[in-house]
Amino acid sequence: MMAKNMTAGDMSEDDVISFLRGQKDFFIRHPDVLEDMDAPGEGGGKGVVNFQTALLNRLKADKSNAQRVQRELIETARANMSNYSRIQTAVLVLLEAESFEEFIAVMTQDFPVLLDVDTVNLVIESTSKEIPFINQSGIRFATRGTVEKYLGKGDALLQANIAGTEEIFGPGAGLVKSHALLRLEISTNTPAGIMAFGSRDPEAFHADMAIDQVGFLAQVVERCFRLWLDIRD
């Protein structure tokens with residue numbers, strides 16, 4: 001705020017700006033001042049009309065930005081609700097499996113349709129193919145260290161604009177342009193694994209995407225594995 005004894009010659013532009021910001025109704029109380037000022041507006045002319053035009057343009061821009069943000073929020077909410085519904089359906093279908101073979105088939109054959117992705121693969125590490133469930137159709141065998149190679153110490157990896165790898169997606173790797181890889185920890189006595197979702201849409205999965213929903217699905221899969229294989233630890 002300017003000192004009361006400050007004269008016009010003592011004032012800088014910053015002083016004027018500070019004063020006007022502290023007196024937001026100044027031009028409402030003194031509209032005549034605008035008549036002698038160059039005000040922003042179309043054509044760079046003088047007067048109240050141009051000043052009002054500038055304010056109106058700013059309001060329009062603010063409204064347009066607010067509408068854009070609102071549309072994005074609505075689209076995101078709709079997408080989340082759609083994904084939530086898909087995950088719920090996938091879990092219910094998984095729980096209805098009447099055999100271990102059907103349980104595997106639901107994940108590798110039904111999940112792509114239910115979750116609107118192009119491929120779902122189960123990748124299990126092992127140094128031997130003699131582990132009973134490794135030889136089930138739809139489960140890919142991988143060498144030790146594969147999970148750490150892709151996930152490190154994390155639980156998930158979501159990437160956009162990638163080329164799918166045969167190590168994870170097998171013959172369908174050529175279709176995959178984005179993927180979501182989730183760690184599977186069935187038990188302390190079974191090999192590490194990955195549940196891999198692949199899409200031909202390069203932006204279907206990306207690093208900024210939340211993983212709570214697909215992460216929940218992976219946890220359900222882990223528990224179902226334990227039930228089917230009668231694993232207690």
# chains A, B, ... in the order shown; residues from 1 in each chain; ligands from 1

call {"tool": "residues_around", "arguments": {"residues": "Ala160 of chain A", "least_positions_apart": "2", "cutoff": "9 Å", "atoms": "only C-alpha atoms", "output": "PyMOL selection string"}}
result
chain A and resi 158+162+177-179+201-207

call {"tool": "write_last_selection", "arguments": {"atoms": "all heavy atoms", "output": "CSV table (one decimal), in the first residue's frame"}}
result
chain,number,residue,atom,x,y,z
A,158,LEU,N,3.6,-50.4,-16.2
A,158,LEU,CA,2.7,-50.0,-17.3
A,158,LEU,C,3.5,-49.1,-18.2
A,158,LEU,O,4.1,-48.1,-17.8
A,158,LEU,CB,1.5,-49.2,-16.7
A,158,LEU,CG,0.4,-50.1,-16.1
A,158,LEU,CD1,0.8,-50.7,-14.8
A,158,LEU,CD2,-0.8,-49.2,-15.8
A,162,ILE,N,5.2,-49.3,-26.9
A,162,ILE,CA,6.3,-50.3,-26.8
A,162,ILE,C,6.0,-51.4,-27.9
A,162,ILE,O,5.0,-51.5,-28.5
A,162,ILE,CB,6.4,-50.9,-25.4
A,162,ILE,CG1,5.0,-51.5,-24.9
A,162,ILE,CG2,6.8,-49.8,-24.4
A,162,ILE,CD1,4.9,-52.9,-25.2
A,177,LYS,N,1.3,-53.1,-28.3
A,177,LYS,CA,1.9,-51.8,-28.4
A,177,LYS,C,1.9,-51.1,-27.1
A,177,LYS,O,2.6,-50.0,-26.9
A,177,LYS,CB,1.2,-50.9,-29.5
A,177,LYS,CG,1.1,-51.5,-30.8
A,177,LYS,CD,2.5,-51.8,-31.4
A,177,LYS,CE,2.4,-52.5,-32.8
A,177,LYS,NZ,3.8,-52.9,-33.2
A,178,SER,N,1.2,-51.6,-26.1
A,178,SER,CA,1.3,-51.1,-24.7
A,178,SER,C,1.0,-52.3,-23.8
A,178,SER,O,0.2,-53.2,-24.2
A,178,SER,CB,0.3,-49.9,-24.5
A,178,SER,OG,-1.0,-50.3,-24.6
A,179,HIS,N,1.5,-52.3,-22.6
A,179,HIS,CA,1.2,-53.4,-21.7
A,179,HIS,C,1.2,-53.0,-20.3
A,179,HIS,O,1.7,-51.9,-19.9
A,179,HIS,CB,2.3,-54.5,-21.9
A,179,HIS,CG,3.7,-54.2,-21.6
A,179,HIS,ND1,4.8,-54.8,-22.1
A,179,HIS,CD2,4.2,-53.2,-20.8
A,179,HIS,CE1,5.9,-54.3,-21.6
A,179,HIS,NE2,5.5,-53.3,-20.8
A,201,ASP,N,-3.5,-50.9,-28.8
A,201,ASP,CA,-3.6,-49.5,-28.6
A,201,ASP,C,-2.3,-49.0,-27.9
A,201,ASP,O,-2.1,-49.3,-26.8
A,201,ASP,CB,-4.9,-49.1,-27.8
A,201,ASP,CG,-5.0,-47.6,-27.6
A,201,ASP,OD1,-4.1,-46.8,-28.0
A,201,ASP,OD2,-6.0,-47.2,-27.0
A,202,PRO,N,-1.5,-48.1,-28.5
A,202,PRO,CA,-0.3,-47.7,-27.9
A,202,PRO,C,-0.5,-46.9,-26.6
A,202,PRO,O,0.5,-46.8,-25.8
A,202,PRO,CB,0.3,-46.8,-29.0
A,202,PRO,CG,-0.3,-47.1,-30.3
A,202,PRO,CD,-1.7,-47.6,-29.9
A,203,GLU,N,-1.7,-46.4,-26.4
A,203,GLU,CA,-1.9,-45.6,-25.2
A,203,GLU,C,-2.9,-46.3,-24.2
A,203,GLU,O,-3.3,-45.6,-23.3
A,203,GLU,CB,-2.5,-44.2,-25.6
A,203,GLU,CG,-1.6,-43.4,-26.5
A,203,GLU,CD,-0.4,-42.9,-25.8
A,203,GLU,OE1,-0.4,-42.8,-24.5
A,203,GLU,OE2,0.6,-42.7,-26.5
A,204,ALA,N,-3.2,-47.5,-24.4
A,204,ALA,CA,-4.1,-48.2,-23.6
A,204,ALA,C,-3.6,-48.3,-22.1
A,204,ALA,O,-4.3,-48.2,-21.2
A,204,ALA,CB,-4.4,-49.6,-24.1
A,205,PHE,N,-2.3,-48.5,-22.0
A,205,PHE,CA,-1.6,-48.5,-20.7
A,205,PHE,C,-0.5,-47.5,-20.8
A,205,PHE,O,0.2,-47.4,-21.8
A,205,PHE,CB,-1.0,-49.9,-20.4
A,205,PHE,CG,-2.1,-51.0,-20.3
A,205,PHE,CD1,-2.2,-51.9,-21.4
A,205,PHE,CD2,-2.9,-51.1,-19.3
A,205,PHE,CE1,-3.2,-52.9,-21.3
A,205,PHE,CE2,-3.9,-52.1,-19.2
A,205,PHE,CZ,-4.0,-53.0,-20.3
A,206,HIS,N,-0.3,-46.8,-19.7
A,206,HIS,CA,0.8,-45.8,-19.6
A,206,HIS,C,1.2,-45.6,-18.1
A,206,HIS,O,0.5,-46.0,-17.2
A,206,HIS,CB,0.4,-44.5,-20.2
A,206,HIS,CG,-0.9,-43.9,-19.7
A,206,HIS,ND1,-0.9,-43.2,-18.5
A,206,HIS,CD2,-2.1,-43.9,-20.2
A,206,HIS,CE1,-2.2,-42.8,-18.3
A,206,HIS,NE2,-2.9,-43.3,-19.3
A,207,ALA,N,2.4,-45.1,-18.0
A,207,ALA,CA,3.0,-45.0,-16.6
A,207,ALA,C,2.2,-44.2,-15.6
A,207,ALA,O,2.3,-44.4,-14.4
A,207,ALA,CB,4.4,-44.4,-16.8

call {"tool": "residues_around", "arguments": {"residues": "Ile104 of chain A", "least_positions_apart": "3", "cutoff": "12 Å", "atoms": "only C-alpha atoms", "output": "PyMOL selection string"}}
result
chain A and resi 93-101+107-111+120-123+133-140+195+221+224-225+228

call {"tool": "residues_around", "arguments": {"residues": "Asp118 of chain A", "least_positions_apart": "5", "cutoff": "7 Å", "atoms": "only C-alpha atoms", "output": "list in words"}}
result
Pro112, Gly198, Ser199 and Arg200 of chain A

call {"tool": "select_by_dssp", "arguments": {"residues": "segment 101-173 of chain A", "states": "alpha helix (DSSP H)", "output": "ChimeraX atom specification"}}
result
/A:101-105,111-114,146-151,166-169

call {"tool": "write_last_selection", "arguments": {"atoms": "N, CA and C atoms", "output": "PDB file, in the first residue's frame"}}
result
ATOM      1  N   GLU A 101      -8.285 -76.094 -14.980  1.00  0.00           N
ATOM      2  CA  GLU A 101      -8.137 -75.826 -16.402  1.00  0.00           C
ATOM      3  C   GLU A 101      -9.059 -74.697 -16.847  1.00  0.00           C
ATOM      4  N   GLU A 102     -10.279 -74.695 -16.322  1.00  0.00           N
ATOM      5  CA  GLU A 102     -11.224 -73.633 -16.671  1.00  0.00           C
ATOM      6  C   GLU A 102     -10.775 -72.301 -16.063  1.00  0.00           C
ATOM      7  N   PHE A 103     -10.223 -72.362 -14.873  1.00  0.00           N
ATOM      8  CA  PHE A 103      -9.681 -71.165 -14.215  1.00  0.00           C
ATOM      9  C   PHE A 103      -8.612 -70.508 -15.094  1.00  0.00           C
ATOM     10  N   ILE A 104      -7.711 -71.324 -15.641  1.00  0.00           N
ATOM     11  CA  ILE A 104      -6.666 -70.803 -16.525  1.00  0.00           C
ATOM     12  C   ILE A 104      -7.280 -70.272 -17.818  1.00  0.00           C
ATOM     13  N   ALA A 105      -8.248 -70.988 -18.355  1.00  0.00           N
ATOM     14  CA  ALA A 105      -8.886 -70.576 -19.606  1.00  0.00           C
ATOM     15  C   ALA A 105      -9.611 -69.239 -19.448  1.00  0.00           C
ATOM     16  N   PHE A 111     -10.615 -63.216 -20.239  1.00  0.00           N
ATOM     17  CA  PHE A 111     -10.187 -61.899 -19.768  1.00  0.00           C
ATOM     18  C   PHE A 111      -9.970 -60.888 -20.901  1.00  0.00           C
ATOM     19  N   PRO A 112      -9.334 -61.276 -22.018  1.00  0.00           N
ATOM     20  CA  PRO A 112      -9.146 -60.293 -23.094  1.00  0.00           C
ATOM     21  C   PRO A 112     -10.463 -59.664 -23.554  1.00  0.00           C
ATOM     22  N   VAL A 113     -11.523 -60.479 -23.636  1.00  0.00           N
ATOM     23  CA  VAL A 113     -12.826 -59.960 -24.057  1.00  0.00           C
ATOM     24  C   VAL A 113     -13.452 -59.127 -22.947  1.00  0.00           C
ATOM     25  N   LEU A 114     -13.410 -59.634 -21.715  1.00  0.00           N
ATOM     26  CA  LEU A 114     -14.035 -58.950 -20.588  1.00  0.00           C
ATOM     27  C   LEU A 114     -13.359 -57.626 -20.265  1.00  0.00           C
ATOM     28  N   THR A 146      13.238 -63.578 -14.741  1.00  0.00           N
ATOM     29  CA  THR A 146      12.402 -62.846 -15.693  1.00  0.00           C
ATOM     30  C   THR A 146      11.562 -61.778 -15.003  1.00  0.00           C
ATOM     31  N   VAL A 147      10.992 -62.123 -13.861  1.00  0.00           N
ATOM     32  CA  VAL A 147      10.146 -61.163 -13.148  1.00  0.00           C
ATOM     33  C   VAL A 147      10.957 -59.942 -12.717  1.00  0.00           C
ATOM     34  N   GLU A 148      12.119 -60.176 -12.154  1.00  0.00           N
ATOM     35  CA  GLU A 148      12.961 -59.051 -11.726  1.00  0.00           C
ATOM     36  C   GLU A 148      13.453 -58.255 -12.928  1.00  0.00           C
ATOM     37  N   LYS A 149      13.682 -58.916 -14.042  1.00  0.00           N
ATOM     38  CA  LYS A 149      14.126 -58.232 -15.257  1.00  0.00           C
ATOM     39  C   LYS A 149      13.133 -57.165 -15.686  1.00  0.00           C
ATOM     40  N   TYR A 150      11.848 -57.469 -15.593  1.00  0.00           N
ATOM     41  CA  TYR A 150      10.822 -56.536 -16.044  1.00  0.00           C
ATOM     42  C   TYR A 150      10.287 -55.629 -14.931  1.00  0.00           C
ATOM     43  N   LEU A 151      10.154 -56.182 -13.721  1.00  0.00           N
ATOM     44  CA  LEU A 151       9.519 -55.429 -12.640  1.00  0.00           C
ATOM     45  C   LEU A 151      10.486 -54.904 -11.583  1.00  0.00           C
ATOM     46  N   GLU A 166       8.323 -61.404 -27.092  1.00  0.00           N
ATOM     47  CA  GLU A 166       7.881 -62.794 -27.183  1.00  0.00           C
ATOM     48  C   GLU A 166       8.055 -63.514 -25.849  1.00  0.00           C
ATOM     49  N   GLU A 167       9.039 -63.083 -25.068  1.00  0.00           N
ATOM     50  CA  GLU A 167       9.282 -63.683 -23.762  1.00  0.00           C
ATOM     51  C   GLU A 167       8.051 -63.589 -22.868  1.00  0.00           C
ATOM     52  N   ILE A 168       7.283 -62.509 -23.030  1.00  0.00           N
ATOM     53  CA  ILE A 168       6.091 -62.300 -22.211  1.00  0.00           C
ATOM     54  C   ILE A 168       4.822 -62.700 -22.949  1.00  0.00           C
ATOM     55  N   PHE A 169       4.702 -62.315 -24.214  1.00  0.00           N
ATOM     56  CA  PHE A 169       3.442 -62.482 -24.934  1.00  0.00           C
ATOM     57  C   PHE A 169       3.461 -63.578 -25.998  1.00  0.00           C
TER      58      PHE A 169
END

call {"tool": "atom_distance", "arguments": {"atom1": "atom CA of Ile74 of chain A", "atom2": "atom CA of Phe197 of chain A"}}
result
25.6 Å

call {"tool": "atom_distance", "arguments": {"atom1": "atom CA of Ala163 of chain A", "atom2": "atom CA of Tyr84 of chain A"}}
result
27.1 Å

call {"tool": "select_by_dssp", "arguments": {"residues": "segment 46-197 of chain A", "states": "strand (DSSP E)", "output": "number ranges by chain"}}
result
A: 119-125, 139-142, 156-159, 178-184, 193-197

call {"tool": "atom_distance", "arguments": {"atom1": "atom CA of Leu184 of chain A", "atom2": "atom CA of Asn161 of chain A"}}
result
23.9 Å

call {"tool": "residues_around", "arguments": {"residues": "Asp212 of chain A", "least_positions_apart": "3", "cutoff": "12 Å", "atoms": "only C-alpha atoms", "output": "PDB file with C-alpha atoms, in the first residue's frame"}}
result
ATOM      1  CA  ASN A  80     -13.060 -45.473 -14.301  1.00  0.00           C
ATOM      2  CA  ASN A  83     -13.087 -50.290 -15.896  1.00  0.00           C
ATOM      3  CA  TYR A  84     -14.509 -50.943 -12.441  1.00  0.00           C
ATOM      4  CA  ILE A  87     -12.991 -55.846 -13.274  1.00  0.00           C
ATOM      5  CA  ASP A 155       4.666 -54.756  -8.247  1.00  0.00           C
ATOM      6  CA  ALA A 156       3.707 -53.452 -11.666  1.00  0.00           C
ATOM      7  CA  LEU A 182       1.700 -57.254 -12.657  1.00  0.00           C
ATOM      8  CA  MET A 209      -2.295 -44.851 -14.991  1.00  0.00           C
ATOM      9  CA  GLY A 215      -3.837 -54.771  -8.998  1.00  0.00           C
ATOM     10  CA  PHE A 216      -6.938 -55.984  -7.158  1.00  0.00           C
ATOM     11  CA  LEU A 217      -7.609 -58.460  -9.976  1.00  0.00           C
ATOM     12  CA  ALA A 218      -4.058 -59.803  -9.690  1.00  0.00           C
ATOM     13  CA  GLN A 219      -4.574 -60.322  -5.933  1.00  0.00           C
TER      14      GLN A 219
END
